[in-house]
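Enquirer: Got my_file-v5.txt for you, compact mmCIF, C-alpha atoms:
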# COMPACT_ATOMS: atom_id res chain seq x y z
CA MET A 484 47.01 -1.61 -60.07
CA ASN A 485 46.27 -4.04 -57.21
CA ARG A 486 43.18 -3.75 -55.01
CA ASN A 487 44.92 -2.00 -52.09
CA CYS A 488 46.56 0.58 -54.35
CA TRP A 489 43.25 1.15 -56.09
CA ARG A 490 41.52 1.73 -52.75
CA ARG A 491 44.21 4.20 -51.70
CA TYR A 492 43.88 5.99 -55.03
CA ILE A 493 40.11 6.26 -54.70
CA GLY A 494 40.46 7.41 -51.09
CA CYS A 495 42.93 10.16 -52.00
CA PHE A 496 40.76 11.22 -54.92
CA LEU A 497 37.65 11.49 -52.73
CA LEU A 498 39.54 13.42 -50.03
CA GLY A 499 40.84 15.82 -52.64
CA LEU A 500 37.38 16.24 -54.13
CA ILE A 501 35.87 16.92 -50.70
CA GLY A 502 38.64 19.42 -49.99
CA MET A 503 37.90 21.25 -53.24
CA MET A 504 34.18 21.32 -52.46
CA LEU A 505 34.83 22.65 -48.96
CA SER A 506 37.23 25.31 -50.22
CA ALA A 507 34.53 26.62 -52.56
CA GLN A 508 32.11 27.11 -49.68
CA PRO A 509 32.33 30.31 -47.59
CA ILE A 510 34.01 29.85 -44.22
CA SER A 511 31.88 31.53 -41.58
CA VAL A 512 32.90 32.66 -38.08
CA GLY A 513 31.26 34.77 -35.41
CA PRO A 514 29.50 36.77 -34.21
CA PHE A 515 31.88 38.33 -31.68
CA THR A 516 31.75 41.49 -29.61
CA ALA A 517 35.41 42.49 -29.97
CA GLY A 518 34.86 44.61 -33.11
CA HIS A 519 34.64 44.00 -36.83
CA CYS A 520 37.08 41.83 -38.77
CA GLN A 521 40.25 43.73 -39.63
CA GLY A 522 42.39 41.13 -41.40
CA ILE A 523 43.12 37.46 -42.00
CA ALA A 524 46.10 35.14 -42.39
CA VAL A 525 46.13 31.53 -43.57
CA ASP A 526 48.54 28.74 -42.63
CA GLU A 527 47.77 26.43 -45.54
CA GLN A 528 50.16 23.68 -44.44
CA ARG A 529 48.43 23.21 -41.10
CA GLY A 530 44.96 24.17 -42.28
CA HIS A 531 44.54 27.13 -39.93
CA VAL A 532 42.96 30.54 -40.47
CA TYR A 533 43.65 33.54 -38.23
CA TYR A 534 41.37 36.55 -37.95
CA SER A 535 41.82 39.91 -36.30
CA PHE A 536 38.65 41.20 -34.65
CA THR A 537 40.17 44.53 -33.50
CA THR A 538 41.07 43.45 -29.95
CA MET A 539 40.99 39.66 -30.43
CA LEU A 540 42.96 37.21 -32.52
CA LEU A 541 40.91 34.17 -33.56
CA LYS A 542 42.25 30.81 -34.76
CA THR A 543 40.05 28.34 -36.67
CA ASP A 544 40.36 25.36 -38.97
CA MET A 545 39.46 25.60 -42.65
CA GLN A 546 35.81 24.87 -41.91
CA GLY A 547 35.48 27.68 -39.38
CA LYS A 548 35.70 25.58 -36.22
CA VAL A 549 37.21 27.73 -33.47
CA LEU A 550 40.51 26.32 -32.18
CA GLY A 551 41.53 29.19 -29.93
CA SER A 552 41.61 32.93 -29.40
CA VAL A 553 43.81 35.60 -27.86
CA THR A 554 42.19 38.43 -25.91
CA GLY A 555 43.07 41.29 -23.55
CA LEU A 556 44.44 43.77 -26.07
CA LEU A 557 43.54 47.43 -25.58
CA GLY A 558 44.98 48.51 -28.92
CA HIS A 559 43.82 48.15 -32.52
CA LEU A 560 44.94 44.85 -34.06
CA GLY A 561 44.66 45.33 -37.81
CA CYS A 562 45.79 43.51 -40.93
CA LEU A 563 47.46 40.09 -40.50
CA THR A 564 49.95 38.13 -42.56
CA PHE A 565 51.46 34.65 -42.23
CA ASN A 566 55.22 34.20 -42.37
CA GLU A 567 56.01 30.86 -43.98
CA ALA A 568 59.66 31.16 -42.92
CA ASP A 569 58.92 30.87 -39.19
CA GLY A 570 55.29 29.70 -39.11
CA ARG A 571 54.03 32.72 -37.16
CA VAL A 572 51.34 35.36 -37.64
CA TYR A 573 52.32 39.03 -37.87
CA GLY A 574 49.86 41.88 -37.40
CA SER A 575 49.78 45.66 -37.05
CA LEU A 576 49.01 46.79 -33.50
CA GLU A 577 48.48 50.41 -32.57
CA TYR A 578 47.75 52.40 -29.44
CA LYS A 579 46.63 56.00 -29.76
CA MET A 580 44.24 58.31 -27.99
CA ASP A 581 42.25 59.49 -31.00
CA GLU A 582 38.66 58.59 -31.84
CA ILE A 583 39.67 55.01 -32.68
CA GLY A 584 41.73 54.44 -29.54
CA ARG A 585 39.16 56.07 -27.25
CA GLY A 586 36.41 54.00 -28.86
CA ILE A 587 38.29 50.77 -28.14
CA LEU A 588 38.83 51.67 -24.49
CA GLU A 589 35.20 52.63 -24.11
CA ARG A 590 34.00 49.36 -25.65
CA GLU A 591 36.34 47.41 -23.37
CA GLY A 592 35.09 49.35 -20.33
CA VAL A 593 38.55 50.69 -19.49
CA GLN A 594 39.23 54.21 -18.26
CA ARG A 595 42.90 55.00 -18.72
CA GLN A 596 45.38 56.91 -20.84
CA LEU A 597 47.73 54.98 -23.13
CA PRO A 598 50.81 56.35 -24.90
CA ASN A 599 50.98 56.62 -28.67
CA ALA A 600 52.74 53.42 -29.73
CA TRP A 601 52.89 51.23 -32.82
CA TYR A 602 54.03 47.63 -32.93
CA ILE A 603 54.19 44.57 -35.09
CA ALA A 604 52.49 41.91 -32.98
CA ILE A 605 53.85 38.40 -33.57
CA PHE A 606 51.71 35.41 -32.59
CA ASP A 607 52.88 31.82 -32.22
CA GLY A 608 49.87 29.90 -33.48
CA SER A 609 51.12 26.60 -32.04
CA ARG A 610 50.61 28.04 -28.54
CA ILE A 611 47.05 29.18 -29.21
CA THR A 612 45.24 26.09 -27.99
CA ARG A 613 42.01 27.30 -26.39
CA GLU A 614 39.58 30.18 -26.41
CA GLY A 615 40.10 33.26 -24.27
CA MET A 616 43.87 33.05 -23.83
CA ASP A 617 45.35 36.29 -22.55
CA TYR A 618 47.90 37.92 -24.83
CA THR A 619 50.42 37.89 -21.96
CA GLU A 620 50.46 34.08 -21.64
CA ALA A 621 53.99 32.78 -22.14
CA GLY A 622 55.06 32.65 -25.76
CA VAL A 623 51.67 33.54 -27.25
CA MET A 624 52.53 37.07 -28.43
CA ASN A 625 55.64 39.19 -28.73
CA ALA A 626 55.85 42.68 -30.17
CA VAL A 627 58.37 44.89 -31.96
CA TYR A 628 58.16 48.68 -31.61
CA LEU A 629 58.20 50.91 -34.73
CA PRO A 630 59.63 54.35 -33.83
CA THR A 631 59.45 55.56 -37.45
CA VAL A 632 55.66 55.41 -37.31
CA VAL A 633 55.56 57.18 -33.97
CA ALA A 634 57.79 59.97 -35.32
CA ASP A 635 55.57 60.60 -38.36
CA TYR A 636 52.41 60.46 -36.26
CA GLU A 637 53.72 62.99 -33.75
CA ALA A 638 55.45 65.26 -36.29
CA THR A 639 54.24 68.80 -36.94
CA VAL A 640 54.99 70.21 -40.39
CA GLU A 641 53.79 73.69 -41.31
CA ARG A 642 51.23 73.58 -38.49
CA GLN A 643 49.91 70.28 -39.86
CA THR A 644 50.14 67.45 -37.37
CA GLN A 645 50.92 63.90 -38.45
CA ARG A 646 53.33 63.94 -41.39
CA TYR A 647 51.78 62.56 -44.60
CA GLY A 648 48.46 62.38 -42.70
CA CYS A 649 49.86 59.38 -40.80
CA SER A 650 47.39 57.86 -38.35
CA GLY A 651 49.51 54.77 -37.67
CA ILE A 652 49.79 51.49 -39.56
CA ASP A 653 47.38 48.85 -40.80
CA GLY A 654 48.20 46.78 -43.91
CA VAL A 655 51.01 44.19 -43.53
CA SER A 656 52.40 41.52 -45.86
CA PHE A 657 55.60 39.65 -46.68
CA GLY A 658 57.22 39.98 -50.08
CA PRO A 659 60.47 40.74 -51.92
CA ALA A 660 62.21 44.07 -52.24
CA PHE A 661 60.39 46.40 -54.60
CA GLY A 662 61.75 45.96 -58.11
CA SER A 663 62.48 42.26 -57.57
CA ALA A 664 60.54 39.01 -57.55
CA ASP A 665 63.20 36.91 -55.87
CA GLY A 666 65.45 36.94 -52.85
CA LYS A 667 64.81 37.74 -49.22
CA ARG A 668 61.25 38.39 -48.07
CA TYR A 669 60.68 41.61 -46.16
CA LEU A 670 57.88 42.55 -43.81
CA THR A 671 56.05 45.42 -45.46
CA CYS A 672 53.62 47.58 -43.51
CA ALA A 673 51.46 50.43 -44.75
CA TYR A 674 50.46 53.63 -43.02
CA GLY A 675 46.94 54.44 -42.13
CA ILE A 676 46.26 57.82 -43.75
CA ARG A 677 43.70 60.28 -42.45
CA GLY A 678 40.95 61.22 -44.88
CA ASP A 679 41.45 64.95 -44.42
CA THR A 680 40.24 66.76 -47.54
CA THR A 681 41.79 70.10 -46.51
CA ARG A 682 45.45 69.11 -46.82
CA THR A 683 47.57 68.10 -49.82
CA ASP A 684 50.38 66.10 -48.21
CA ASN A 685 48.22 63.01 -47.57
CA ASP A 686 47.72 61.77 -51.14
CA TYR A 687 50.35 59.02 -50.96
CA GLN A 688 50.20 55.58 -49.44
CA VAL A 689 53.37 55.09 -47.38
CA LEU A 690 54.95 51.64 -47.19
CA LEU A 691 57.80 50.60 -44.89
CA GLN A 692 59.91 47.50 -45.56
CA TYR A 693 61.71 45.76 -42.70
CA ASP A 694 64.36 43.07 -42.72
CA ILE A 695 63.24 40.90 -39.79
CA THR A 696 66.23 38.53 -39.85
CA ASP A 697 67.40 39.49 -36.35
CA TRP A 698 64.10 40.61 -34.85
CA ARG A 699 63.58 37.46 -32.79
CA THR A 700 66.84 37.76 -30.90
CA ARG A 701 67.30 41.52 -30.96
CA TYR A 702 63.92 43.25 -30.68
CA GLU A 703 61.03 40.92 -29.84
CA ARG A 704 59.66 41.35 -26.34
CA PRO A 705 56.44 40.43 -24.54
CA LEU A 706 54.18 43.46 -24.42
CA GLY A 707 52.82 44.85 -21.17
CA GLN A 708 50.11 47.46 -21.54
CA ASP A 709 51.00 48.96 -18.15
CA SER A 710 54.61 49.52 -19.19
CA MET A 711 54.93 49.43 -22.98
CA HIS A 712 58.43 48.67 -24.25
CA GLN A 713 60.17 50.53 -27.06
CA SER A 714 62.32 47.72 -28.42
CA GLY A 715 62.51 47.95 -32.20
CA PRO A 716 64.59 48.97 -35.22
CA ALA A 717 65.46 52.66 -35.44
CA GLN A 718 64.67 52.75 -39.16
CA PRO A 719 63.08 50.46 -41.78
CA LYS A 720 65.13 49.10 -44.65
CA GLY A 721 63.21 51.42 -46.92
CA LYS A 722 60.35 53.92 -46.98
CA TYR A 723 58.26 54.10 -50.14
CA PHE A 724 55.45 56.25 -51.51
CA VAL A 725 52.57 55.30 -53.81
CA TYR A 726 50.54 58.12 -55.36
CA THR A 727 46.89 57.03 -55.25
CA GLY A 728 45.17 60.14 -54.00
CA ASN A 729 43.93 60.34 -50.45
CA THR A 730 42.09 57.36 -48.97
CA ASN A 731 40.08 57.07 -45.79
CA TRP A 732 42.43 55.51 -43.19
CA GLY A 733 45.00 54.35 -45.75
CA VAL A 734 45.79 50.76 -46.70
CA GLN A 735 43.43 48.55 -44.72
CA ASN A 736 44.76 45.28 -46.10
CA LEU A 737 48.02 44.73 -47.98
CA VAL A 738 48.44 41.53 -50.01
CA TYR A 739 51.50 40.37 -51.94
CA ASP A 740 50.52 38.27 -54.97
CA VAL A 741 53.54 36.10 -55.73
CA ARG A 742 52.06 34.81 -58.98
CA HIS A 743 52.12 38.26 -60.62
CA ASN A 744 54.64 40.04 -58.37
CA TRP A 745 51.98 42.58 -57.44
CA TRP A 746 51.22 44.37 -54.20
CA MET A 747 47.47 44.84 -53.69
CA LEU A 748 46.31 47.80 -51.60
CA PHE A 749 42.72 47.41 -50.36
CA VAL A 750 41.40 50.74 -49.08
CA TYR A 751 38.33 52.66 -48.04
CA PRO A 752 37.81 55.15 -50.91
CA GLY A 753 38.80 58.74 -50.31
CA LYS A 754 36.58 61.79 -50.60
CA LYS A 755 38.66 64.34 -52.47
CA SER A 756 36.83 65.43 -55.62
CA SER A 757 40.11 65.83 -57.51
CA PHE A 758 40.66 62.04 -57.46
CA THR A 759 38.68 59.08 -58.78
CA ASN A 760 38.80 57.42 -55.33
CA HIS A 761 39.04 53.69 -56.00
CA SER A 762 38.84 50.87 -53.45
CA LEU A 763 41.82 48.88 -54.81
CA TYR A 764 45.23 49.91 -56.10
CA VAL A 765 47.90 47.53 -57.37
CA VAL A 766 51.63 48.25 -57.23
CA ASP A 767 53.76 46.70 -59.97
CA GLY A 768 56.44 44.95 -57.94
CA SER A 769 58.69 44.46 -60.97
CA VAL A 770 59.40 48.20 -61.27
CA ALA A 771 62.22 49.47 -59.10
CA PRO A 772 61.59 52.47 -56.83
CA GLN A 773 62.52 55.85 -58.25
CA GLU A 774 63.52 58.94 -56.33
CA SER A 775 60.95 61.61 -57.12
CA VAL A 776 59.74 64.93 -55.77
CA LEU A 777 56.66 64.19 -53.67
CA ARG A 778 53.56 66.09 -54.70
CA GLY A 779 51.64 68.32 -52.34
CA MET A 780 54.24 68.54 -49.59
CA PRO A 781 54.67 71.86 -47.70
CA HIS A 782 58.39 71.80 -48.49
CA ALA A 783 60.26 70.35 -51.45
CA GLU A 784 60.71 66.71 -50.44
CA LYS A 785 61.96 63.70 -52.34
CA GLY A 786 61.06 60.09 -51.68
CA GLN A 787 61.33 56.60 -53.16
CA THR A 788 58.18 56.23 -55.26
CA LEU A 789 56.55 53.05 -56.51
CA THR A 790 54.64 52.49 -59.74
CA LEU A 791 51.01 51.45 -60.03
CA LEU A 792 50.21 48.60 -62.39
CA ALA A 793 49.23 50.11 -65.75
CA GLN A 794 45.92 48.27 -65.91
CA GLY A 795 42.39 48.88 -64.69
CA LEU A 796 40.67 52.26 -64.61
CA TYR A 797 42.93 55.11 -65.68
CA ASP A 798 42.58 58.78 -64.82
CA GLY A 799 44.43 60.88 -67.36
CA ILE A 800 44.47 63.95 -65.11
CA THR A 801 46.19 62.40 -62.10
CA GLY A 802 47.89 59.50 -63.91
CA ILE A 803 46.44 57.05 -61.40
CA TYR A 804 45.30 53.49 -62.21
CA GLY A 805 42.82 51.77 -59.91
CA TRP A 806 40.17 49.10 -59.55
CA GLU A 807 36.96 48.50 -57.65
CA SER A 808 36.67 45.71 -55.10
CA PRO A 809 33.68 45.76 -52.75
CA TYR A 810 35.43 43.21 -50.53
CA GLY A 811 38.98 42.94 -49.21
CA ALA A 812 39.32 46.03 -47.02
CA LEU A 813 38.19 43.96 -44.01
CA GLY A 814 40.46 41.03 -44.78
CA ALA A 815 42.25 39.55 -47.79
CA THR A 816 44.99 37.05 -48.51
CA ALA A 817 46.52 35.30 -51.51
CA LEU A 818 46.52 31.49 -51.57
CA SER A 819 49.19 29.21 -52.99
CA ASP A 820 46.97 28.02 -55.85
CA GLY A 821 46.54 31.56 -57.17
CA ALA A 822 43.13 32.19 -55.63
CA PHE A 823 42.28 34.72 -52.90
CA PHE A 824 40.21 34.79 -49.75
CA LEU A 825 38.28 38.05 -49.33
CA VAL A 826 36.27 38.79 -46.19
CA HIS A 827 32.54 39.48 -46.36
CA PRO A 828 31.46 41.10 -43.08
CA THR A 829 28.45 39.76 -41.19
CA GLN A 830 26.47 41.41 -38.42
CA SER A 831 23.79 40.44 -35.93
CA PRO A 832 22.48 41.68 -32.58
CA GLU A 833 25.08 39.41 -30.95
CA GLY A 834 28.02 41.08 -32.66
CA GLU A 835 30.08 41.00 -35.83
CA GLY A 836 31.49 38.10 -37.80
CA ALA A 837 33.10 37.26 -41.10
CA GLU A 838 32.74 34.97 -44.09
CA LEU A 839 35.73 34.02 -46.20
CA HIS A 840 34.81 33.79 -49.88
CA ARG A 841 37.12 32.38 -52.50
CA TYR A 842 37.87 34.62 -55.48
CA GLU A 843 39.84 34.42 -58.71
CA TRP A 844 41.64 37.35 -60.31
CA THR A 845 40.17 37.90 -63.78
CA GLY A 846 41.52 41.38 -64.48
CA GLU A 847 38.12 42.55 -65.67
CA VAL A 848 37.45 46.27 -65.40
CA PRO A 849 36.32 47.74 -63.09
CA THR A 850 35.97 44.74 -60.71
CA PRO A 851 38.86 42.29 -61.24
CA PHE A 852 37.87 39.62 -58.71
CA GLN A 853 35.27 36.97 -59.51
CA GLU A 854 33.82 34.63 -56.87
For the file at hand, write its structure as structure tokens.
Expert:
Amino acid sequence: MNRNCWRRYIGCFLLGLIGMMLSAQPISVGPFTAGHCQGIAVDEQRGHVYYSFTTMLLKTDMQGKVLGSVTGLLGHLGCLTFNEADGRVYGSLEYKMDEIGRGILEREGVQRQLPNAWYIAIFDGSRITREGMDYTEAGVMNAVYLPTVVADYEATVERQTQRYGCSGIDGVSFGPAFGSADGKRYLTCAYGIRGDTTRTDNDYQVLLQYDITDWRTRYERPLGQDSMHQSGPAQPKGKYFVYTGNTNWGVQNLVYDVRHNWWMLFVYPGKKSSFTNHSLYVVDGSVAPQESVLRGMPHAEKGQTLTLLAQGLYDGITGIYGWESPYGALGATALSDGAFFLVHPTQSPEGEGAELHRYEWTGEVPTPFQE
């Protein structure tokens, strides 16, 4: 090896070593006043991290340096996911006049009434170039309306409002069709489920899968909060049910783990005494959906049900497997090397922030992630 090649080799080795050292250190951002961290997405190729802070989208580099932000939203921006196919960030965005929606408007100092509406917000990270960009700036954010979510939120079944306890959507991730590890990637979004202990029809997590192939040309529109469009697919490709027992606000963060073909559901534990109330459930993506009678519904109803991974903590009474993960409900993502970023929340008098910590899946019971 000649001297120049040797120098290049040493240089690449040192850069790689520094990169590994940096990746092991927590990435810290904040504090901000927009609300707590709701979700994260990572563009590994470009070295960018995106965070949802309820009404603000933040863009940083892999060391936490702020590169830009998107503001002006009056809805709840939740879980985020990065789409490698088009290089954009997708997130759940909801508008509703319940305690969450009213709290957002109050914090933003806005007195107005907004319609119930649920969208997938789609951000073009290449256009986010400075802090404080308004979400209406050209090309920064488009949105696709989800009428299926609106219908379940506004439904009344046997004097119970909000079918399945639906409070909207939160968790989002890209992955294959359930029962497969290959083929087209679908946008999967999970319902938020109300933690109502008096009803029995809210013990499933509900997942919708969408084929977004034609979304860009057919449905995507800029979103105006004074006149909110309703451009979106009439139905998802599929609607699926996961029996976990009730959780408080449903799937907060949804992560597809390509290495294992698993779907990870990070939740706030429920409060029903008849369930073991875990903070993490894992769907075995290799098992095809099965049509089953849904438990606890006011009328006999069938749905496409998914299967929990037969590992972790098992409850022989309910047949539910689960895990414990103190972190992940406020942000989680799988990385290409098999590791995960999980959000640790931070708080100060100036506001709320986040630290990204790197974890490995060990499968240990009850806590399967190790920092």
Enquirer: Kindly give the distance, in Å, that separates CA of Thr759 in chain A and CA of Tyr810 in chain A, rounded to a single decimal.
Expert: 18.2 Å
Enquirer: Might you pull out every residue within 10 Å of Gly648 in chain A, with all atoms listed in the file counted and same-chain residues fewer than 4 positions away left off, and present them as a PDB file with C-alpha atoms, in the coordinates of the input?
Expert:
ATOM      1  CA  ASP A 635      55.570  60.600 -38.360  1.00  0.00           C
ATOM      2  CA  TYR A 636      52.410  60.460 -36.260  1.00  0.00           C
ATOM      3  CA  ALA A 638      55.450  65.260 -36.290  1.00  0.00           C
ATOM      4  CA  GLN A 643      49.910  70.280 -39.860  1.00  0.00           C
ATOM      5  CA  THR A 644      50.140  67.450 -37.370  1.00  0.00           C
ATOM      6  CA  TYR A 674      50.460  53.630 -43.020  1.00  0.00           C
ATOM      7  CA  GLY A 675      46.940  54.440 -42.130  1.00  0.00           C
ATOM      8  CA  ILE A 676      46.260  57.820 -43.750  1.00  0.00           C
ATOM      9  CA  ARG A 677      43.700  60.280 -42.450  1.00  0.00           C
ATOM     10  CA  GLY A 678      40.950  61.220 -44.880  1.00  0.00           C
ATOM     11  CA  ASP A 679      41.450  64.950 -44.420  1.00  0.00           C
ATOM     12  CA  ARG A 682      45.450  69.110 -46.820  1.00  0.00           C
ATOM     13  CA  THR A 683      47.570  68.100 -49.820  1.00  0.00           C
ATOM     14  CA  ASP A 684      50.380  66.100 -48.210  1.00  0.00           C
ATOM     15  CA  ASN A 685      48.220  63.010 -47.570  1.00  0.00           C
ATOM     16  CA  ASP A 686      47.720  61.770 -51.140  1.00  0.00           C
ATOM     17  CA  TYR A 687      50.350  59.020 -50.960  1.00  0.00           C
ATOM     18  CA  GLN A 688      50.200  55.580 -49.440  1.00  0.00           C
ATOM     19  CA  VAL A 689      53.370  55.090 -47.380  1.00  0.00           C
ATOM     20  CA  ASN A 729      43.930  60.340 -50.450  1.00  0.00           C
ATOM     21  CA  TRP A 732      42.430  55.510 -43.190  1.00  0.00           C
ATOM     22  CA  GLY A 733      45.000  54.350 -45.750  1.00  0.00           C
TER      23      GLY A 733
END
Enquirer: With distances taken over all atoms listed in the file, which residue among A:Gln596, A:Glu835, A:Val623, A:Lys548 lies nearest Ser535 in chain A?
Expert: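 Ranked by minimum distance to Ser535 in chain A, first place goes to A:Glu835.
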Enquirer: Just want the 12 Å neighbourhood of Tyr764 in chain A, counted on all atoms listed in the file, with same-chain residues fewer than 2 positions away dropped. Output as a JSON list (two decimals) with C-alpha atoms, in the coordinates of the input.
Expert:
[["chain", "number", "residue", "atom", "x", "y", "z"],
["A", 687, "TYR", "CA", 50.35, 59.02, -50.96],
["A", 688, "GLN", "CA", 50.20, 55.58, -49.44],
["A", 725, "VAL", "CA", 52.57, 55.30, -53.81],
["A", 726, "TYR", "CA", 50.54, 58.12, -55.36],
["A", 727, "THR", "CA", 46.89, 57.03, -55.25],
["A", 728, "GLY", "CA", 45.17, 60.14, -54.00],
["A", 729, "ASN", "CA", 43.93, 60.34, -50.45],
["A", 730, "THR", "CA", 42.09, 57.36, -48.97],
["A", 733, "GLY", "CA", 45.00, 54.35, -45.75],
["A", 734, "VAL", "CA", 45.79, 50.76, -46.70],
["A", 735, "GLN", "CA", 43.43, 48.55, -44.72],
["A", 736, "ASN", "CA", 44.76, 45.28, -46.10],
["A", 737, "LEU", "CA", 48.02, 44.73, -47.98],
["A", 738, "VAL", "CA", 48.44, 41.53, -50.01],
["A", 745, "TRP", "CA", 51.98, 42.58, -57.44],
["A", 746, "TRP", "CA", 51.22, 44.37, -54.20],
["A", 747, "MET", "CA", 47.47, 44.84, -53.69],
["A", 748, "LEU", "CA", 46.31, 47.80, -51.60],
["A", 749, "PHE", "CA", 42.72, 47.41, -50.36],
["A", 750, "VAL", "CA", 41.40, 50.74, -49.08],
["A", 751, "TYR", "CA", 38.33, 52.66, -48.04],
["A", 752, "PRO", "CA", 37.81, 55.15, -50.91],
["A", 759, "THR", "CA", 38.68, 59.08, -58.78],
["A", 760, "ASN", "CA", 38.80, 57.42, -55.33],
["A", 761, "HIS", "CA", 39.04, 53.69, -56.00],
["A", 762, "SER", "CA", 38.84, 50.87, -53.45],
["A", 766, "VAL", "CA", 51.63, 48.25, -57.23],
["A", 767, "ASP", "CA", 53.76, 46.70, -59.97],
["A", 789, "LEU", "CA", 56.55, 53.05, -56.51],
["A", 790, "THR", "CA", 54.64, 52.49, -59.74],
["A", 791, "LEU", "CA", 51.01, 51.45, -60.03],
["A", 792, "LEU", "CA", 50.21, 48.60, -62.39],
["A", 793, "ALA", "CA", 49.23, 50.11, -65.75],
["A", 794, "GLN", "CA", 45.92, 48.27, -65.91],
["A", 795, "GLY", "CA", 42.39, 48.88, -64.69],
["A", 796, "LEU", "CA", 40.67, 52.26, -64.61],
["A", 797, "TYR", "CA", 42.93, 55.11, -65.68],
["A", 803, "ILE", "CA", 46.44, 57.05, -61.40],
["A", 804, "TYR", "CA", 45.30, 53.49, -62.21],
["A", 805, "GLY", "CA", 42.82, 51.77, -59.91],
["A", 806, "TRP", "CA", 40.17, 49.10, -59.55],
["A", 807, "GLU", "CA", 36.96, 48.50, -57.65],
["A", 808, "SER", "CA", 36.67, 45.71, -55.10],
["A", 811, "GLY", "CA", 38.98, 42.94, -49.21],
["A", 812, "ALA", "CA", 39.32, 46.03, -47.02],
["A", 849, "PRO", "CA", 36.32, 47.74, -63.09],
["A", 850, "THR", "CA", 35.97, 44.74, -60.71],
["A", 851, "PRO", "CA", 38.86, 42.29, -61.24]]
Enquirer: Could you tell me which of A:Arg668, A:His827, A:Lys579, A:Arg699 comes closest to Ile523 in chain A if we count all atoms listed in the file?
Expert: A:His827
Enquirer: Using all atoms listed in the file, tabulate the residues of range 787-843 of chain A lying at most 12 Å from any atom of range 557-570 of chain A, each with its closest atom pair and that distance in Å to one decimal, by chain and increasing residue number, as CSV.
Expert:
residue,atom,partner,partner_atom,distance
A:Gly811,CA,A:Cys562,CA,10.7
A:Ala812,CA,A:Cys562,CA,9.2
A:Leu813,CA,A:Cys562,CA,8.2
A:Gly814,CA,A:Cys562,CA,7.0
A:Ala815,CA,A:Cys562,CA,8.7
A:Thr816,CA,A:Thr564,CA,7.8
A:Ala817,CA,A:Thr564,CA,10.0
A:Leu818,CA,A:Phe565,CA,11.0
A:Ser819,CA,A:Glu567,CA,11.4
A:Val826,CA,A:Cys562,CA,11.9
Enquirer: Quick one: residues within 10 Å of (44.5, 56.2, -21.0) (file frame), counting all atoms listed in the file, please, as a ChimeraX atom specification.
Expert: /A:557,578-580,584-585,588,593-598
Enquirer: What is the CA of Gln718 in chain A to CA of Tyr693 in chain A distance in Å?
Expert: 8.4 Å
Enquirer: So, with all atoms listed in the file as the atoms that count, which of A:Leu629, A:Val741, A:Val525, A:Ile695 lies closest to Pro659 in chain A?
Expert: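 For Pro659 in chain A, the nearest of the candidates is A:Val741.
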Enquirer: CA of Pro772 in chain A and CA of Asp697 in chain A are how many Å apart?
Expert: 24.9 Å
